[in-house]
$ cat entry_26.cif   # mmCIF, C-alpha atoms and all ligand atoms
data_data
loop_
_atom_site.label_atom_id
_atom_site.label_comp_id
_atom_site.auth_asym_id
_atom_site.auth_seq_id
_atom_site.Cartn_x
_atom_site.Cartn_y
_atom_site.Cartn_z
CA MET A 1 -9.66 7.96 -19.15
CA ASN A 2 -8.58 4.54 -20.47
CA THR A 3 -11.46 2.12 -20.94
CA PHE A 4 -11.33 -1.47 -21.97
CA SER A 5 -13.13 -3.15 -24.87
CA MET A 6 -13.33 -6.92 -24.98
CA ASP A 7 -13.33 -9.24 -28.02
CA LYS A 8 -14.32 -12.94 -27.85
CA ARG A 9 -10.75 -14.25 -27.54
CA THR A 10 -9.99 -11.91 -24.65
CA GLN A 11 -13.25 -12.90 -23.01
CA LYS A 12 -12.24 -16.57 -23.19
CA LEU A 13 -8.83 -15.87 -21.68
CA PHE A 14 -10.45 -13.93 -18.87
CA SER A 15 -12.97 -16.67 -18.07
CA ARG A 16 -10.32 -19.40 -18.10
CA ASP A 17 -7.95 -17.77 -15.65
CA PRO A 18 -9.09 -14.39 -14.31
CA GLU A 19 -6.19 -14.04 -11.84
CA ILE A 20 -3.55 -14.41 -14.57
CA PHE A 21 -5.54 -12.19 -16.91
CA ILE A 22 -5.87 -9.40 -14.36
CA GLU A 23 -2.22 -9.60 -13.33
CA ARG A 24 -1.11 -9.38 -16.97
CA ALA A 25 -3.44 -6.49 -17.72
CA ILE A 26 -2.02 -4.56 -14.74
CA LYS A 27 1.61 -5.31 -15.65
CA ASP A 28 1.04 -4.32 -19.29
CA PHE A 29 -0.59 -1.09 -18.22
CA VAL A 30 2.35 -0.23 -15.96
CA ARG A 31 4.83 -1.05 -18.75
CA LEU A 32 3.05 0.77 -21.56
CA SER A 33 1.03 3.64 -20.14
CA PRO A 34 2.43 7.10 -20.94
CA ALA A 35 1.04 8.17 -17.54
CA ASN A 36 3.68 6.02 -15.80
CA ARG A 37 6.40 8.44 -16.88
CA LEU A 38 8.46 11.14 -15.20
CA ASP A 39 8.12 13.85 -17.85
CA ARG A 40 10.61 16.02 -15.98
CA PHE A 41 13.21 13.19 -16.08
CA GLU A 42 13.52 12.08 -19.68
CA ASN A 43 10.29 10.13 -19.49
CA GLU A 44 11.75 7.42 -17.30
CA PRO A 45 9.18 5.10 -15.65
CA ILE A 46 7.74 6.29 -12.34
CA PHE A 47 7.16 2.73 -11.16
CA GLU A 48 8.81 -0.58 -11.93
CA LYS A 49 7.05 -3.94 -12.44
CA PRO A 50 4.18 -4.14 -9.93
CA LEU A 51 3.25 -6.90 -7.49
CA VAL A 52 -0.35 -8.11 -7.59
CA GLY A 53 -2.20 -10.03 -4.87
CA PHE A 54 -5.77 -11.19 -4.28
CA ALA A 55 -7.75 -11.56 -1.06
CA ASP A 56 -11.16 -12.98 -0.27
CA GLY A 57 -13.25 -9.98 0.74
CA ASP A 58 -15.02 -12.12 3.35
CA ASP A 59 -11.72 -13.14 4.99
CA PRO A 60 -12.21 -12.59 8.78
CA LEU A 61 -9.00 -10.52 8.76
CA PHE A 62 -10.98 -7.61 7.30
CA ARG A 63 -13.26 -7.68 10.34
CA GLU A 64 -10.15 -7.42 12.56
CA TYR A 65 -9.36 -4.14 10.76
CA LYS A 66 -12.43 -2.65 12.49
CA THR A 67 -10.30 -2.83 15.64
CA VAL A 68 -6.79 -2.53 14.23
CA VAL A 69 -7.51 0.45 11.95
CA HIS A 70 -10.84 2.05 12.95
CA GLU A 71 -14.44 1.00 13.57
CA ASN A 72 -15.39 2.84 10.35
CA HIS A 73 -12.90 0.94 8.23
CA PHE A 74 -14.97 -0.69 5.47
CA LEU A 75 -15.31 -4.41 5.04
CA PRO A 76 -14.82 -5.05 1.30
CA ARG A 77 -18.39 -6.35 1.20
CA GLU A 78 -19.74 -3.21 2.91
CA ILE A 79 -18.21 -0.80 0.42
CA LEU A 80 -19.22 -2.90 -2.60
CA GLU A 81 -22.79 -3.27 -1.34
CA LEU A 82 -23.02 0.44 -0.61
CA TYR A 83 -21.82 1.22 -4.11
CA LEU A 84 -24.25 -1.25 -5.70
CA SER A 85 -27.26 -0.07 -3.77
CA GLN A 86 -26.54 3.56 -4.66
CA LYS A 87 -25.94 2.67 -8.30
CA THR A 88 -29.12 0.64 -8.68
CA LYS A 89 -31.10 2.78 -6.21
CA SER A 90 -32.35 -0.39 -4.51
CA GLU A 91 -32.24 -1.40 -0.86
CA ILE A 92 -29.86 -4.32 -0.48
CA ILE A 93 -27.79 -6.17 -3.03
CA ARG A 94 -25.75 -9.07 -1.70
CA PRO A 95 -23.01 -10.23 -4.06
CA GLU A 96 -22.30 -13.97 -3.81
CA SER A 97 -18.61 -13.33 -3.37
CA VAL A 98 -16.32 -10.37 -2.90
CA SER A 99 -12.61 -10.16 -3.76
CA VAL A 100 -9.92 -7.54 -3.26
CA ILE A 101 -7.22 -6.92 -5.86
CA SER A 102 -4.21 -5.20 -4.31
CA ILE A 103 -1.32 -3.72 -6.29
CA VAL A 104 2.12 -2.61 -5.12
CA PHE A 105 3.98 -0.12 -7.33
CA PRO A 106 7.73 -0.17 -6.58
CA VAL A 107 9.45 3.18 -7.07
CA ASN A 108 12.06 3.37 -9.85
CA LYS A 109 15.48 2.42 -8.42
CA LYS A 110 17.10 5.63 -9.66
CA THR A 111 14.51 7.64 -7.73
CA ILE A 112 15.21 5.58 -4.61
CA LYS A 113 18.92 6.38 -4.97
CA THR A 114 18.34 10.14 -5.27
CA ASN A 115 16.13 10.16 -2.18
CA ALA A 116 18.64 8.04 -0.25
CA MET A 117 21.20 10.83 -0.72
CA GLU A 118 18.90 13.42 0.90
CA LYS A 119 19.00 14.24 4.63
CA GLU A 120 16.30 16.85 5.30
CA GLY A 121 13.63 16.48 2.61
CA PRO A 122 12.85 14.62 -0.57
CA SER A 123 14.62 14.70 -3.93
CA LEU A 124 12.79 16.27 -6.86
CA ARG A 125 12.36 12.83 -8.46
CA TRP A 126 10.73 11.48 -5.27
CA ASN A 127 8.43 14.50 -5.13
CA HIS A 128 7.31 13.95 -8.75
CA THR A 129 6.85 10.24 -7.99
CA ARG A 130 4.54 11.12 -5.06
CA TRP A 131 2.20 13.22 -7.19
CA LYS A 132 2.48 11.93 -10.76
CA GLY A 133 2.67 8.41 -9.34
CA GLN A 134 -0.63 8.78 -7.49
CA GLU A 135 -2.29 10.19 -10.65
CA PHE A 136 -1.06 7.11 -12.48
CA ILE A 137 -2.36 4.75 -9.75
CA ASN A 138 -5.77 6.43 -10.02
CA GLU A 139 -5.75 5.94 -13.77
CA LEU A 140 -4.81 2.29 -13.46
CA SER A 141 -7.49 1.70 -10.82
CA ASN A 142 -10.17 3.16 -13.12
CA TYR A 143 -8.85 1.04 -15.97
CA LEU A 144 -9.07 -2.10 -13.84
CA VAL A 145 -12.64 -1.23 -12.86
CA SER A 146 -13.50 -0.79 -16.55
CA ILE A 147 -12.03 -4.23 -17.41
CA LEU A 148 -14.13 -5.91 -14.71
CA GLU A 149 -17.27 -4.03 -15.70
CA SER A 150 -16.83 -4.83 -19.38
CA MET A 151 -16.81 -8.52 -18.33
CA GLY A 152 -20.15 -8.09 -16.56
CA HIS A 153 -18.82 -7.78 -13.00
CA SER A 154 -19.12 -4.95 -10.51
CA ALA A 155 -16.07 -3.16 -9.20
CA ILE A 156 -15.06 -0.12 -7.18
CA ALA A 157 -11.74 1.54 -6.37
CA PRO A 158 -12.46 2.44 -2.70
CA GLU A 159 -10.00 5.33 -2.50
CA LEU A 160 -11.56 7.01 -5.56
CA SER A 161 -15.13 6.49 -4.37
CA PRO A 162 -17.33 9.13 -2.71
CA PHE A 163 -17.36 6.93 0.45
CA TYR A 164 -13.63 7.34 1.10
CA LYS A 165 -12.61 9.45 4.12
CA ILE A 166 -9.54 10.31 6.17
CA ILE A 167 -10.40 10.55 9.85
CA ALA A 168 -8.35 12.78 12.20
CA LEU A 169 -7.67 11.24 15.62
CA PRO A 170 -5.80 12.67 18.66
CA ASP A 171 -2.72 10.58 17.79
CA GLY A 172 -2.77 10.78 14.01
CA PHE A 173 -4.88 9.87 11.02
CA VAL A 174 -6.64 6.82 9.64
CA SER A 175 -8.63 6.27 6.50
CA ASN A 176 -11.74 4.16 6.12
CA TRP A 177 -9.90 2.13 3.46
CA SER A 178 -6.25 1.43 4.24
CA GLN A 179 -4.30 0.35 1.16
CA ARG A 180 -1.54 -1.27 3.22
CA HIS A 181 -4.01 -3.38 5.17
CA ALA A 182 -5.57 -4.53 1.89
CA ALA A 183 -2.06 -5.41 0.66
CA TYR A 184 -1.35 -7.33 3.88
CA ALA A 185 -4.54 -9.38 3.40
CA ALA A 186 -3.51 -10.08 -0.21
CA GLY A 187 -0.17 -11.55 0.88
CA LEU A 188 1.99 -8.72 -0.44
CA GLY A 189 4.06 -7.90 2.66
CA THR A 190 4.12 -6.74 6.27
CA PHE A 191 4.33 -3.55 8.32
CA SER A 192 7.48 -2.31 10.04
CA LEU A 193 8.96 -0.15 12.82
CA ASN A 194 8.19 3.04 10.89
CA ASP A 195 4.72 1.77 9.78
CA GLY A 196 5.96 1.51 6.15
CA PHE A 197 4.92 -1.65 4.35
CA ILE A 198 7.77 -3.98 3.35
CA THR A 199 7.08 -6.04 0.22
CA ALA A 200 9.24 -8.41 -1.82
CA LYS A 201 10.25 -5.27 -3.77
CA GLY A 202 10.85 -3.30 -0.60
CA MET A 203 9.22 -0.39 1.18
CA ALA A 204 9.83 2.35 -1.39
CA MET A 205 6.50 1.87 -3.09
CA ARG A 206 2.95 3.14 -3.29
CA CYS A 207 -0.10 0.90 -3.41
CA GLY A 208 -3.71 0.75 -4.57
CA SER A 209 -6.68 -1.62 -4.70
CA VAL A 210 -9.99 -2.52 -6.31
CA VAL A 211 -12.94 -4.45 -4.81
CA THR A 212 -15.08 -6.64 -7.06
CA ASN A 213 -17.82 -9.29 -6.95
CA LEU A 214 -15.71 -11.52 -9.23
CA LYS A 215 -14.53 -14.58 -7.30
CA LEU A 216 -10.74 -14.75 -7.33
CA LYS A 217 -8.35 -17.25 -5.78
CA SER A 218 -6.66 -15.71 -2.74
CA SER A 219 -2.90 -15.29 -2.73
CA ALA A 220 -0.94 -17.06 0.01
CA ARG A 221 0.17 -15.05 3.03
CA LEU A 222 3.70 -16.29 3.52
CA TYR A 223 4.22 -14.65 6.91
CA THR A 224 3.19 -15.52 10.39
CA ASN A 225 2.76 -12.03 11.81
CA TYR A 226 2.19 -8.48 10.62
CA LEU A 227 5.76 -7.27 11.37
CA GLU A 228 7.74 -10.20 10.02
CA ASN A 229 9.62 -8.40 7.22
CA CYS A 230 11.15 -5.77 9.53
CA LEU A 231 14.62 -6.56 10.94
CA PHE A 232 13.98 -4.57 14.09
CA TYR A 233 11.27 -6.97 15.15
CA THR A 234 12.90 -10.18 13.95
CA THR A 235 16.48 -9.60 15.10
CA GLY A 236 16.18 -6.72 17.58
CA LYS A 237 18.73 -4.84 15.44
CA CYS A 238 18.63 -2.34 12.57
CA GLY A 239 16.52 0.76 13.34
CA LYS A 240 18.21 2.50 10.38
CA CYS A 241 14.97 4.35 9.61
CA ILE A 242 15.17 6.04 13.05
CA ARG A 243 18.31 7.90 11.96
CA ARG A 244 16.92 8.67 8.50
CA CYS A 245 13.91 10.64 9.78
CA PRO A 246 14.55 14.41 9.73
CA GLY A 247 11.60 15.01 12.07
CA GLY A 248 12.49 12.64 14.91
CA ALA A 249 9.22 10.82 14.22
CA ILE A 250 10.64 7.29 14.50
CA SER A 251 11.97 5.68 17.66
CA GLU A 252 12.26 2.18 19.08
CA ARG A 253 8.63 2.66 20.14
CA GLY A 254 7.53 3.09 16.53
CA HIS A 255 6.20 5.89 14.32
CA ASP A 256 4.82 9.14 15.72
CA LYS A 257 2.23 10.14 13.13
CA ILE A 258 1.82 13.68 14.46
CA LYS A 259 5.55 14.42 14.24
CA CYS A 260 5.64 12.85 10.79
CA PHE A 261 2.67 14.95 9.72
CA GLU A 262 4.32 18.15 11.05
CA THR A 263 7.54 17.35 9.20
CA VAL A 264 5.84 16.53 5.93
CA PHE A 265 3.37 19.45 6.01
CA GLU A 266 5.21 22.16 7.99
CA LYS A 267 9.00 21.67 8.17
CA GLN A 268 9.31 20.74 4.54
CA LYS A 269 7.33 23.75 3.28
CA SER A 270 10.55 25.48 2.26
CA TRP A 271 10.95 22.84 -0.47
CA PHE A 272 8.15 24.65 -2.29
CA GLU A 273 9.62 28.05 -1.69
CA GLY A 274 12.59 27.14 -3.87
CA ALA A 275 15.06 26.64 -0.99
CA HIS A 276 16.11 23.28 -2.43
CA GLY A 277 15.79 23.91 -6.15
CA SER A 278 12.79 24.67 -8.32
CA GLY A 279 10.15 22.39 -9.83
CA PHE A 280 8.55 20.80 -6.74
CA ILE A 281 4.89 19.92 -7.34
CA GLY A 282 1.79 18.94 -5.32
CA SER A 283 0.56 20.19 -1.97
CA TYR A 284 3.50 18.84 0.07
CA ALA A 285 6.98 17.66 -0.86
CA GLY A 286 6.56 13.97 0.04
CA CYS A 287 9.49 13.08 2.35
CA GLY A 288 9.79 9.28 2.37
CA LEU A 289 13.34 9.48 3.75
CA CYS A 290 12.49 6.53 6.02
CA GLN A 291 11.77 4.43 2.94
CA THR A 292 15.11 5.09 1.24
CA GLY A 293 18.72 4.67 2.38
CA VAL A 294 17.52 1.74 4.51
CA PRO A 295 18.07 -2.02 4.11
CA CYS A 296 14.38 -2.57 3.36
CA ALA A 297 14.15 0.08 0.60
CA ASN A 298 13.92 -2.32 -2.33
CA ARG A 299 13.75 -5.81 -0.81
CA ILE A 300 12.90 -7.78 2.29
CA PRO A 301 16.08 -7.30 4.33
CA GLU A 302 17.98 -10.47 4.94
CA LYS A 303 18.47 -11.62 8.47
CA LYS A 304 22.19 -12.27 8.85
CA ARG A 305 22.78 -15.99 9.09
CA ILE A 306 25.29 -17.28 11.61
CA ARG A 307 27.85 -19.17 9.57
CA LYS A 308 28.48 -22.67 10.91
CA GLU A 309 32.17 -23.42 11.30
CA THR A 310 33.20 -26.51 9.38
CA VAL A 311 35.13 -28.94 11.50
C1 LIG A 401 -3.21 8.94 6.72
C2 LIG A 401 -1.98 8.62 5.91
C3 LIG A 401 -0.77 9.15 6.33
C4 LIG A 401 -0.61 9.86 7.67
C5 LIG A 401 -0.57 8.77 8.79
C6 LIG A 401 0.24 7.52 8.41
C7 LIG A 401 -0.20 6.16 9.07
N1 LIG A 401 0.76 5.36 9.51
O1 LIG A 401 -1.35 5.86 9.18
C8 LIG A 401 0.72 10.66 7.47
C9 LIG A 401 0.41 12.06 6.96
C10 LIG A 401 1.60 10.77 8.70
C11 LIG A 401 1.35 9.86 6.30
C12 LIG A 401 2.70 9.93 5.98
C13 LIG A 401 3.25 9.21 4.94
N2 LIG A 401 2.63 8.48 4.02
CO1 LIG A 401 0.83 8.11 4.07
N3 LIG A 401 -1.04 7.60 3.97
C14 LIG A 401 -2.04 7.81 4.74
C15 LIG A 401 -3.30 7.12 4.17
C16 LIG A 401 -4.13 8.17 3.47
C17 LIG A 401 -4.14 6.35 5.19
C18 LIG A 401 -3.33 5.46 6.13
C19 LIG A 401 -4.22 4.69 7.08
O2 LIG A 401 -5.42 4.66 7.01
N4 LIG A 401 -3.60 4.02 8.00
C20 LIG A 401 -4.31 3.23 8.97
C21 LIG A 401 -3.43 3.04 10.18
C22 LIG A 401 -4.16 2.28 11.28
O3 LIG A 401 -2.31 2.31 9.72
P1 LIG A 401 -0.97 2.13 10.52
O4 LIG A 401 -0.98 2.94 11.74
O5 LIG A 401 0.17 2.30 9.61
O6 LIG A 401 -1.10 0.55 10.83
C23 LIG A 401 -0.58 -0.04 11.96
C24 LIG A 401 -1.59 -0.92 12.68
O7 LIG A 401 -2.52 -1.44 11.78
C25 LIG A 401 -0.70 -2.00 13.26
N5 LIG A 401 -1.34 -3.26 13.57
C26 LIG A 401 -1.58 -3.51 14.88
N6 LIG A 401 -2.11 -4.73 14.97
C27 LIG A 401 -2.22 -5.29 13.74
C28 LIG A 401 -2.72 -6.52 13.34
C29 LIG A 401 -2.74 -6.83 11.96
C30 LIG A 401 -3.29 -8.15 11.52
C31 LIG A 401 -2.26 -5.89 11.01
C32 LIG A 401 -2.29 -6.19 9.57
C33 LIG A 401 -1.74 -4.63 11.45
C34 LIG A 401 -1.74 -4.35 12.82
O8 LIG A 401 0.37 -2.14 12.33
C35 LIG A 401 0.51 -1.00 11.52
C36 LIG A 401 1.90 -0.46 11.63
O9 LIG A 401 2.24 -0.14 12.96
C37 LIG A 401 -2.65 6.08 3.18
C38 LIG A 401 -3.50 5.79 1.94
C39 LIG A 401 -4.52 4.72 2.24
N7 LIG A 401 -5.75 4.96 1.95
O10 LIG A 401 -4.18 3.67 2.76
C40 LIG A 401 -1.29 6.72 2.84
C41 LIG A 401 -0.08 5.80 2.76
C42 LIG A 401 -0.07 4.90 3.98
N8 LIG A 401 1.02 6.72 2.84
C43 LIG A 401 2.05 6.41 2.12
C44 LIG A 401 3.26 7.16 2.06
C45 LIG A 401 4.21 6.82 0.93
C46 LIG A 401 3.51 8.15 3.00
C47 LIG A 401 4.77 9.00 3.18
C48 LIG A 401 6.11 8.43 2.73
C49 LIG A 401 4.59 10.40 2.57
C50 LIG A 401 4.41 10.36 1.09
N9 LIG A 401 5.43 10.42 0.30
O11 LIG A 401 3.29 10.26 0.62
C51 LIG A 401 4.75 9.18 4.72
C52 LIG A 401 5.37 7.93 5.40
C53 LIG A 401 4.90 7.71 6.77
C54 LIG A 401 5.15 6.30 7.28
N10 LIG A 401 6.35 6.05 7.82
O12 LIG A 401 4.30 5.42 7.17
C55 LIG A 401 1.79 5.11 1.37
C56 LIG A 401 2.51 3.94 2.07
C57 LIG A 401 3.61 3.29 1.28
C58 LIG A 401 4.43 2.34 2.11
N11 LIG A 401 5.52 1.93 1.53
O13 LIG A 401 4.11 1.96 3.23
C59 LIG A 401 0.21 5.03 1.43
C60 LIG A 401 -0.34 3.62 1.45
C61 LIG A 401 -0.30 5.81 0.21
C62 LIG A 401 -0.28 4.99 -1.08
N12 LIG A 401 -1.34 5.06 -1.86
O14 LIG A 401 0.64 4.31 -1.41
N13 LIG A 401 0.42 9.11 5.66
S1 LIG A 402 15.09 0.30 8.31
FE1 LIG A 402 15.27 -1.56 9.56
S2 LIG A 402 14.02 -1.11 11.39
FE2 LIG A 402 13.44 0.39 9.83
S3 LIG A 402 11.70 -0.57 8.81
FE3 LIG A 402 13.50 -1.14 7.62
S4 LIG A 402 14.11 -3.14 8.45
FE4 LIG A 402 12.70 -2.20 9.94
S1 LIG A 403 7.96 10.25 6.02
FE1 LIG A 403 9.67 11.59 6.64
S2 LIG A 403 8.95 12.58 8.52
FE2 LIG A 403 7.59 10.82 8.16
S3 LIG A 403 8.51 9.16 9.34
FE3 LIG A 403 9.33 8.99 7.27
S4 LIG A 403 11.23 10.15 7.34
FE4 LIG A 403 10.07 10.75 9.15
#
$ encode --input "entry_26.cif" --output "structure tokens" --more "lines below"
Ligand code: B12
Ligand code: SF4
Ligand code: SF4
Amino acid sequence: MNTFSMDKRTQKLFSRDPEIFIERAIKDFVRLSPANRLDRFENEPIFEKPLVGFADGDDPLFREYKTVVHENHFLPREILELYLSQKTKSEIIRPESVSVISIVFPVNKKTIKTNAMEKEGPSLRWNHTRWKGQEFINELSNYLVSILESMGHSAIAPELSPFYKIIALPDGFVSNWSQRHAAYAAGLGTFSLNDGFITAKGMAMRCGSVVTNLKLKSSARLYTNYLENCLFYTTGKCGKCIRRCPGGAISERGHDKIKCFETVFEKQKSWFEGAHGSGFIGSYAGCGLCQTGVPCANRIPEKKRIRKETV
């Protein structure tokens, strides 16, 4: 595990501008870490330059997630307090402030292209990105926690904590810490017709987050609603992801999580049995066809402007 040691100069930089310091530390880690590499593909980077956003953990939006996601979805303050009271074995510890650091990891463009060519299941590069990429995100999250702790703050990566759970519901699954909802609060993008999260670097990405008691300036949310980056909702057109889905899980009504689940976990089993080449890793292939070969794959799709005729 990578840990962080802090000299006086670094400490000064951190105290002067923690947001810039944290963003730089994350970007350097993504650029330099050997874990961000596709060893099967000439050691090319798994992820490109990340996007980093900050949210106030006491933002009322997080309380809305108790309805929008699930009643057991943690408030950032709840999970941090739970962690602190278990760590110190005391009853209640109330941090003065709570912040959320959210990170978006855009998939390497070459990987996006290989997956865009697929019609039934993921490319080998996409599959390696799913699994090696998540290992890398876990490593980075632990590294970020170690930076914050070495500066005397408390921090927790919710998805790596013992409190994290995925809850099965009749119509799908929810977790008690949704990375995309954290990213939405931190101004990094919006949801879409297929549920995928569209950021300035597109939808072909994975994301992670850390909660801390360090006070950080919140990033601006430059959108007015939670679906604003999706063309289907803004123009009534597009729907390209509907045709991309090999499991019929996307329609004009949205994303059917059960059908998606069945496609990812059942239909695409043959990817492991060598039917589409050898070398697939992990416990499922990874799909993501709806995130590639679509106008929102690596950017916010542009709404076509009506050209004004010059008189
Ligand atoms: C459970 C889960 C699944 C389930 C269910 C997916 C789902 N939509 O919830 C299944 C197995 C089907 C699945 C499939 C996939 N997943 Co998945 N999954 C998760 C997991 C573990 C939890 C998701 C969760 O809790 N969702 C909560 C529910 C409520 O979210 P939702 O339904 O999408 O949200 C809707 C509502 O909130 C609604 N809404 C209504 N009112 C309001 C109001 C406001 C203010 C807001 C903000 C929203 C809102 O808008 C949203 C969209 O409709 C996360 C990891 C994590 N901890 O976050 C990864 C995650 C969501 N998965 C991811 C990926 C990549 C995939 C797959 C491509 C497979 C793969 N390669 O791993 C497919 C893609 C499916 C898709 N089109 O989204 C990525 C998402 C990346 C992205 N670009 O969006 C995540 C974040 C993992 C990661 N660390 O990056 N996944
Ligand atoms: S492909 Fe089109 S409809 Fe589907 S999520 Fe992207 S912008 Fe929205
Ligand atoms: S991940 Fe695959 S099965 Fe699920 S909605 Fe996207 S294209 Fe369909």
$ atom_distance --input "entry_26.cif" --atom1 "atom C31 of ligand LIG 401 (chain A)" --atom2 "atom CA of A:Cys238"
21.2 Å
$ closest_residue --input "entry_26.cif" --among "A:Met151, A:Ile93, A:Val104, A:Met6" --to "ligand LIG 401 (chain A)" --atoms "all atoms listed in the file"
A:Val104
$ residues_near_point --input "entry_26.cif" --point "(-26.2, -12.4, 0.1)" --cutoff "12 Å" --atoms "all atoms listed in the file" --output "count of residues only"
12
$ axis_aligned_box --input "entry_26.cif" --around "ligand LIG 401 (chain A)" --padding-each-side "4 Å" --output "AutoDock Vina command-line options"
--center_x 0.3 --center_y 2.0 --center_z 6.6 --size_x 20.1 --size_y 28.2 --size_z 24.8
$ atom_distance --input "entry_26.cif" --atom1 "atom CA of A:Leu214" --atom2 "atom CA of A:Val145"
11.3 Å
$ atom_distance --input "entry_26.cif" --atom1 "atom CA of A:Tyr164" --atom2 "atom CA of A:Glu71"
14.0 Å
$ decode --input "entry_26.cif" --residues "stretch 43-55 of chain A" --atoms "N, CA and C atoms" --output "PDB file, in the first residue's frame"
ATOM      1  N   ASN A  43       1.398  -1.979 -21.130  1.00  0.00           N
ATOM      2  CA  ASN A  43       1.455  -1.048 -19.997  1.00  0.00           C
ATOM      3  C   ASN A  43       0.863   0.328 -20.288  1.00  0.00           C
ATOM      4  N   GLU A  44      -0.104   0.375 -21.157  1.00  0.00           N
ATOM      5  CA  GLU A  44      -0.767   1.657 -21.420  1.00  0.00           C
ATOM      6  C   GLU A  44      -1.610   2.042 -20.201  1.00  0.00           C
ATOM      7  N   PRO A  45      -1.857   3.350 -20.000  1.00  0.00           N
ATOM      8  CA  PRO A  45      -2.643   3.759 -18.821  1.00  0.00           C
ATOM      9  C   PRO A  45      -4.069   3.202 -18.873  1.00  0.00           C
ATOM     10  N   ILE A  46      -4.566   2.812 -17.717  1.00  0.00           N
ATOM     11  CA  ILE A  46      -5.971   2.365 -17.633  1.00  0.00           C
ATOM     12  C   ILE A  46      -6.865   3.599 -17.752  1.00  0.00           C
ATOM     13  N   PHE A  47      -6.523   4.623 -16.955  1.00  0.00           N
ATOM     14  CA  PHE A  47      -7.337   5.838 -16.921  1.00  0.00           C
ATOM     15  C   PHE A  47      -6.532   7.051 -17.369  1.00  0.00           C
ATOM     16  N   GLU A  48      -7.246   8.002 -17.959  1.00  0.00           N
ATOM     17  CA  GLU A  48      -6.622   9.263 -18.349  1.00  0.00           C
ATOM     18  C   GLU A  48      -6.734  10.262 -17.180  1.00  0.00           C
ATOM     19  N   LYS A  49      -6.355  11.511 -17.446  1.00  0.00           N
ATOM     20  CA  LYS A  49      -6.344  12.537 -16.391  1.00  0.00           C
ATOM     21  C   LYS A  49      -7.703  12.620 -15.676  1.00  0.00           C
ATOM     22  N   PRO A  50      -7.718  12.507 -14.359  1.00  0.00           N
ATOM     23  CA  PRO A  50      -9.010  12.476 -13.654  1.00  0.00           C
ATOM     24  C   PRO A  50      -9.640  13.860 -13.477  1.00  0.00           C
ATOM     25  N   LEU A  51     -10.912  13.857 -13.115  1.00  0.00           N
ATOM     26  CA  LEU A  51     -11.610  15.077 -12.710  1.00  0.00           C
ATOM     27  C   LEU A  51     -11.799  14.976 -11.198  1.00  0.00           C
ATOM     28  N   VAL A  52     -11.612  16.099 -10.511  1.00  0.00           N
ATOM     29  CA  VAL A  52     -11.738  16.088  -9.054  1.00  0.00           C
ATOM     30  C   VAL A  52     -12.746  17.164  -8.637  1.00  0.00           C
ATOM     31  N   GLY A  53     -13.646  16.812  -7.735  1.00  0.00           N
ATOM     32  CA  GLY A  53     -14.632  17.795  -7.246  1.00  0.00           C
ATOM     33  C   GLY A  53     -14.794  17.658  -5.737  1.00  0.00           C
ATOM     34  N   PHE A  54     -15.270  18.736  -5.113  1.00  0.00           N
ATOM     35  CA  PHE A  54     -15.453  18.733  -3.655  1.00  0.00           C
ATOM     36  C   PHE A  54     -16.885  19.120  -3.310  1.00  0.00           C
ATOM     37  N   ALA A  55     -17.431  18.482  -2.288  1.00  0.00           N
ATOM     38  CA  ALA A  55     -18.782  18.857  -1.837  1.00  0.00           C
ATOM     39  C   ALA A  55     -18.768  19.024  -0.327  1.00  0.00           C
TER      40      ALA A  55
END
